[in-house]
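> structure32.tsv is the file, holding TSV, C-alpha atoms and all ligand atoms:
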chain	number	residue	atom	x	y	z
F	825	MET	CA	-14.20	6.43	-29.17
F	826	SER	CA	-10.84	8.10	-28.86
F	827	ALA	CA	-7.40	6.55	-28.72
F	828	TYR	CA	-5.98	5.13	-25.50
F	829	ASN	CA	-3.19	7.27	-24.02
F	830	VAL	CA	0.12	5.77	-22.94
F	831	ARG	CA	2.14	8.56	-21.31
F	832	LEU	CA	5.87	7.93	-21.14
F	833	VAL	CA	7.67	10.49	-19.00
F	834	ASN	CA	11.38	11.17	-18.93
F	835	PRO	CA	12.33	13.28	-15.87
F	836	TRP	CA	16.03	12.36	-16.17
F	837	LYS	CA	16.10	13.82	-19.67
F	838	MET	CA	17.64	10.78	-21.27
F	839	TRP	CA	18.47	10.68	-24.94
F	840	PHE	CA	17.13	7.41	-26.24
F	841	LYS	CA	15.43	5.99	-29.33
F	842	ARG	CA	12.22	7.74	-28.47
F	843	GLN	CA	10.40	7.37	-31.79
F	844	GLU	CA	11.26	3.67	-32.02
F	845	VAL	CA	10.14	3.00	-28.45
F	846	MET	CA	6.87	4.87	-29.03
F	847	HIS	CA	6.28	2.88	-32.20
F	848	GLU	CA	6.92	-0.46	-30.50
F	849	VAL	CA	4.64	0.49	-27.60
F	850	SER	CA	1.88	1.35	-30.08
F	851	LEU	CA	2.22	-2.03	-31.75
F	852	LEU	CA	1.98	-3.89	-28.44
F	853	PHE	CA	-0.92	-1.91	-27.01
F	854	GLU	CA	-3.08	-1.54	-30.11
F	855	PRO	CA	-4.79	-4.96	-30.02
F	856	ALA	CA	-5.77	-4.47	-26.37
F	857	ALA	CA	-6.94	-0.90	-26.99
F	858	LYS	CA	-9.16	-1.97	-29.88
F	859	LYS	CA	-10.53	-4.86	-27.90
F	860	ALA	CA	-11.38	-2.41	-25.09
F	861	GLY	CA	-13.27	-0.20	-27.54
F	862	TYR	CA	-10.70	2.50	-28.28
F	863	ASN	CA	-9.89	3.32	-31.89
F	864	GLY	CA	-6.15	2.99	-31.34
F	865	VAL	CA	-3.27	4.03	-29.14
F	866	ASN	CA	-1.70	7.44	-28.65
F	867	VAL	CA	1.81	7.21	-27.18
F	868	THR	CA	3.61	10.33	-26.02
F	869	ALA	CA	7.01	10.79	-24.40
F	870	THR	CA	7.62	14.03	-22.53
F	871	LEU	CA	10.17	15.61	-20.21
F	872	TYR	CA	7.50	17.21	-18.03
F	873	GLN	CA	4.32	16.11	-16.31
F	874	PRO	CA	1.55	15.78	-18.90
F	875	GLN	CA	-2.13	16.32	-18.25
F	876	LEU	CA	-3.62	12.89	-17.62
F	877	LEU	CA	-7.09	11.59	-18.33
F	878	PRO	CA	-8.52	9.24	-15.69
F	879	ALA	CA	-7.78	6.00	-17.59
F	880	ASP	CA	-4.34	7.00	-18.90
F	881	VAL	CA	-1.28	5.07	-17.82
F	882	GLN	CA	1.90	6.97	-17.01
F	883	ILE	CA	5.27	5.20	-17.05
F	884	TYR	CA	8.45	6.83	-15.79
F	885	LEU	CA	11.46	5.99	-17.93
F	886	VAL	CA	14.55	5.74	-15.73
F	887	PRO	CA	18.20	4.87	-16.55
F	888	ASN	CA	18.36	1.93	-14.11
F	889	GLU	CA	17.50	0.97	-10.54
F	890	GLY	CA	20.13	3.34	-9.19
F	891	PHE	CA	18.02	6.23	-10.49
F	892	SER	CA	14.72	4.86	-9.20
F	893	LEU	CA	12.16	7.54	-8.44
F	894	LEU	CA	9.77	5.02	-6.91
F	895	GLU	CA	12.35	3.93	-4.36
F	896	LYS	CA	12.78	7.52	-3.17
F	897	GLU	CA	9.04	7.89	-2.77
F	898	PHE	CA	7.93	4.46	-1.61
F	899	GLY	CA	11.10	2.85	-0.22
F	900	GLU	CA	12.83	-0.36	-1.14
F	901	ASP	CA	10.71	-3.08	-2.60
F	902	VAL	CA	10.96	-6.12	-4.78
F	903	GLY	CA	10.81	-4.94	-8.35
F	904	ASP	CA	11.03	-6.69	-11.67
F	905	ALA	CA	14.42	-6.99	-13.28
F	906	ALA	CA	13.70	-4.20	-15.69
F	907	GLY	CA	10.99	-2.15	-14.07
F	908	ARG	CA	8.93	-1.64	-10.99
F	909	THR	CA	5.33	-0.87	-10.07
F	910	VAL	CA	3.83	0.08	-6.74
F	911	TYR	CA	0.53	-1.31	-7.87
F	912	ASP	CA	-1.70	0.24	-5.23
F	913	ARG	CA	-0.28	3.71	-5.90
F	914	GLY	CA	-0.49	3.83	-9.70
F	915	ALA	CA	3.28	4.19	-9.85
F	916	SER	CA	5.36	2.50	-12.54
F	917	GLU	CA	8.88	2.94	-13.82
F	918	VAL	CA	10.87	1.15	-16.51
F	919	TYR	CA	14.65	0.92	-16.64
F	920	LEU	CA	16.10	1.53	-20.07
F	921	ALA	CA	19.34	-0.08	-18.96
F	922	GLY	CA	19.20	-2.78	-16.35
F	923	GLU	CA	21.13	-5.18	-14.23
F	924	PHE	CA	22.36	-7.09	-17.26
F	925	VAL	CA	24.66	-4.32	-18.39
F	926	SER	CA	27.80	-6.35	-17.86
F	927	GLN	CA	26.46	-9.21	-19.95
F	928	HIS	CA	25.16	-7.17	-22.82
F	929	GLY	CA	27.40	-4.16	-23.00
F	930	GLY	CA	27.92	-3.43	-26.63
F	931	GLY	CA	29.54	-0.03	-26.61
F	932	VAL	CA	26.27	1.83	-27.12
F	933	PHE	CA	25.76	4.75	-24.79
F	934	MET	CA	22.80	6.77	-23.70
F	935	ARG	CA	23.13	10.41	-22.72
F	936	ILE	CA	21.35	11.54	-19.55
F	937	ASP	CA	21.09	15.28	-19.22
F	938	GLY	CA	19.31	15.17	-15.87
F	939	ILE	CA	22.37	13.99	-13.94
F	940	SER	CA	24.60	16.99	-14.48
F	941	ALA	CA	24.71	20.12	-16.55
F	942	GLY	CA	26.99	18.53	-19.10
F	943	GLY	CA	25.11	15.29	-19.45
F	944	THR	CA	26.49	11.87	-18.65
F	945	SER	CA	26.81	8.78	-20.78
F	946	PHE	CA	25.30	5.53	-19.67
F	947	GLU	CA	25.39	2.13	-21.23
F	948	PHE	CA	22.18	1.46	-23.11
F	949	ILE	CA	21.26	-2.15	-23.46
F	950	HIS	CA	17.59	-2.81	-24.10
F	951	SER	CA	16.24	-2.63	-27.63
F	952	PRO	CA	13.14	-0.49	-28.28
F	953	ALA	CA	11.10	-3.71	-28.68
F	954	THR	CA	12.27	-4.97	-25.30
F	955	ILE	CA	11.61	-1.64	-23.61
F	956	ALA	CA	8.10	-1.74	-25.06
F	957	LYS	CA	7.52	-5.17	-23.55
F	958	ILE	CA	8.71	-3.99	-20.15
F	959	ILE	CA	6.33	-1.01	-20.45
F	960	PHE	CA	3.50	-3.41	-21.32
F	961	HIS	CA	4.40	-5.59	-18.34
F	962	GLU	CA	4.50	-2.73	-15.83
F	963	THR	CA	1.25	-1.39	-17.28
F	964	LEU	CA	-0.37	-4.75	-16.48
F	965	HIS	CA	0.77	-4.45	-12.85
F	966	ASN	CA	-0.46	-0.85	-12.79
F	967	LYS	CA	-3.88	-1.27	-14.37
F	968	LEU	CA	-4.72	-4.69	-12.93
F	969	GLN	CA	-3.39	-3.53	-9.55
F	970	LEU	CA	-1.66	-6.83	-9.08
F	971	GLY	CA	1.72	-7.60	-7.57
F	972	SER	CA	3.58	-10.86	-8.11
F	973	LYS	CA	0.32	-12.71	-8.77
F	974	LEU	CA	0.67	-11.34	-12.28
F	975	HIS	CA	3.73	-13.50	-12.76
F	976	THR	CA	1.81	-16.72	-13.07
F	977	ARG	CA	0.90	-15.64	-16.62
F	978	LYS	CA	2.63	-16.34	-19.92
F	979	GLY	CA	4.23	-13.85	-22.29
F	980	PRO	CA	5.57	-10.51	-21.05
F	981	ALA	CA	3.66	-11.08	-17.82
F	982	ASP	CA	5.59	-14.28	-17.26
F	983	ALA	CA	7.77	-14.89	-14.22
F	984	LEU	CA	10.44	-15.82	-16.75
F	985	PHE	CA	10.39	-12.27	-18.00
F	986	ARG	CA	14.15	-12.09	-17.51
F	987	GLU	CA	14.48	-14.62	-20.31
F	988	THR	CA	12.77	-12.16	-22.62
F	989	LEU	CA	15.42	-9.61	-21.78
F	990	LYS	CA	18.11	-12.09	-22.66
F	991	GLY	CA	16.91	-12.26	-26.22
F	992	ASP	CA	13.74	-14.30	-26.43
F	993	HIS	CA	11.61	-11.95	-28.46
F	994	SER	CA	8.44	-13.94	-28.11
F	995	LYS	CA	5.26	-12.21	-29.16
F	996	LEU	CA	2.50	-11.21	-26.85
F	997	SER	CA	0.14	-14.01	-26.02
F	998	LYS	CA	-3.58	-13.59	-26.62
F	999	GLU	CA	-3.97	-13.86	-22.85
F	1000	ASP	CA	-1.74	-10.82	-22.33
F	1001	THR	CA	-3.82	-8.76	-24.73
F	1002	ASP	CA	-7.08	-9.94	-23.18
F	1003	LEU	CA	-5.75	-9.22	-19.71
F	1004	LEU	CA	-4.78	-5.66	-20.51
F	1005	ALA	CA	-7.98	-5.03	-22.48
F	1006	SER	CA	-10.04	-6.11	-19.47
F	1007	LYS	CA	-8.66	-3.25	-17.33
F	1008	LEU	CA	-7.60	-0.60	-19.81
F	1009	LYS	CA	-10.57	1.59	-18.96
F	1010	ALA	CA	-10.02	1.29	-15.22
F	1011	LYS	CA	-9.43	4.66	-13.62
F	1012	VAL	CA	-6.25	4.09	-11.66
F	1013	LYS	CA	-4.94	7.37	-10.28
F	1014	GLN	CA	-1.36	7.72	-11.52
F	1015	TRP	CA	1.50	8.90	-9.29
F	1016	GLU	CA	2.73	12.25	-10.58
F	1017	GLY	CA	5.40	13.04	-7.98
F	1018	GLY	CA	8.50	11.78	-9.75
F	1019	TRP	CA	10.06	15.14	-10.54
F	1020	LYS	CA	10.43	16.15	-6.91
F	1021	HIS	CA	13.04	13.42	-6.40
F	1022	LEU	CA	15.44	14.71	-9.03
F	1023	PRO	CA	18.71	16.40	-8.01
F	1024	GLN	CA	18.31	20.12	-7.48
F	1025	SER	CA	20.53	20.97	-10.43
F	1026	THR	CA	17.88	19.72	-12.85
G	1101	ZN	ZN	6.26	-7.95	-12.90
Would it be possible to restate this file's structure as C-alpha cells?
Ligand SMILES: [Zn+2]


Amino acid sequence: MSAYNVRLVNPWKMWFKRQEVMHEVSLLFEPAAKKAGYNGVNVTATLYQPQLLPADVQIYLVPNEGFSLLEKEFGEDVGDAAGRTVYDRGASEVYLAGEFVSQHGGGVFMRIDGISAGGTSFEFIHSPATIAKIIFHETLHNKLQLGSKLHTRKGPADALFRETLKGDHSKLSKEDTDLLASKLKAKVKQWEGGWKHLPQST
C-alpha cells in the first residue's frame, strides 16, 4: 500500500522551518500510518491547493488566530489554544505562533509574505516538534470528526494540551497512535476554500 498523505498548506506564504516541521510530522504520524496498513507517511507543504486523495488530511498553517481562515468561513467558535478544527466540515488550521507570544517571545521572527508585498515579520514561538503535535491533534479532530470529546484523552489529544505548548514535550501515547490509526483511512472531505479569504493583494 502507498504512503499516507499529510498535506500542509500555507496560503499566507509564511517563511518557517518547513523541512523540520515536515520531518517532525512524519515521525509522529508514521506509527499510526503503518498500523493502518500504509507503508509510511508522505508530508508535503505547499503554497497552493494540492490535489487531494479521499483519505488525505489537509491542514492550513496560519500565523495565529488573528489570521484565521476558518473564522472567516465558519464564524467564531471555540478553538484549541494552538489550532482549530470545524470537525464536521473537514476544516483544520494550526497556528505557528499562538496566544503565548508574550510569554515565550525570544526574538525569533517569522516572515509572512501574504500580508503585504514587502512581507511582514511576526514572532515565531512554537518549535517544529510542537507544531507537529498540534498538527497531530487537529488531525485527530478532523479524521475522528470529534469536537471537545476528544479532550478526554491523554497525550496530544489531552485537554491539558496547553501544558505541552509550555514545554512538556511528552511523547505520543499508544492510545493516540491507535486512535489516529483507527480513522486514518476514513474519507473525510477536506475544506479547500481557504485561499478565497486572503487579502486581495495576495
Ligand atoms: Zn482539540

> When distances are computed from all atoms listed in the file, which of F:Gly914, F:Gly938, F:Pro952, F:Gly907 shows the smallest separation from ligand ZN 1101 (chain G)?

F:Gly907

> Of the candidates F:Ile936, F:Val918, F:Ala856, F:Val830, which one gets nearest to ligand ZN 1101 (chain G) if we count only C-alpha atoms and all ligand atoms?

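Using only C-alpha atoms and all ligand atoms, the shortest distance to ligand ZN 1101 (chain G) belongs to F:Val918.
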
> Of the candidates F:Leu1003, F:Leu970, F:Leu1022, F:Ala879, which one gets nearest to ligand ZN 1101 (chain G) if we count all atoms listed in the file?

F:Leu970

> With only C-alpha atoms as the basis for distance, which of F:Leu974, F:Ala956, F:Leu876, F:Leu964 is at the shortest distance from Lys1007 (chain F)?

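Counting only C-alpha atoms, the residue closest to Lys1007 (chain F) is F:Leu964.
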
> Tell me which of F:Gln843, F:Thr1001, F:Asn863, F:Thr909 sits closest to ligand ZN 1101 (chain G), counting only C-alpha atoms and all ligand atoms.

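Of F:Gln843, F:Thr1001, F:Asn863, F:Thr909, the one nearest ligand ZN 1101 (chain G), counting only C-alpha atoms and all ligand atoms, is F:Thr909.
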
> Find the residue from F:Val833, F:Met838, F:Leu851, F:Ile959 that sits nearest to ligand ZN 1101 (chain G); use only C-alpha atoms and all ligand atoms when measuring.

F:Ile959

> Write out as a compact mmCIF listing (two decimals) with C-alpha atoms, in the coordinates of the input each polymer residue whose atoms come within 12 Å of Leu877 (chain F), counting all atoms listed in the file; drop sequence neighbours fewer than 5 positions from it.


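After the write, result34.txt holds the following:
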# COMPACT_ATOMS: atom_id res chain seq x y z
CA SER F 826 -10.84 8.10 -28.86
CA ALA F 827 -7.40 6.55 -28.72
CA TYR F 828 -5.98 5.13 -25.50
CA ASN F 829 -3.19 7.27 -24.02
CA VAL F 830 0.12 5.77 -22.94
CA ARG F 831 2.14 8.56 -21.31
CA GLN F 882 1.90 6.97 -17.01
CA LYS F 1009 -10.57 1.59 -18.96
CA ALA F 1010 -10.02 1.29 -15.22
CA LYS F 1011 -9.43 4.66 -13.62
CA VAL F 1012 -6.25 4.09 -11.66
CA LYS F 1013 -4.94 7.37 -10.28
CA GLN F 1014 -1.36 7.72 -11.52
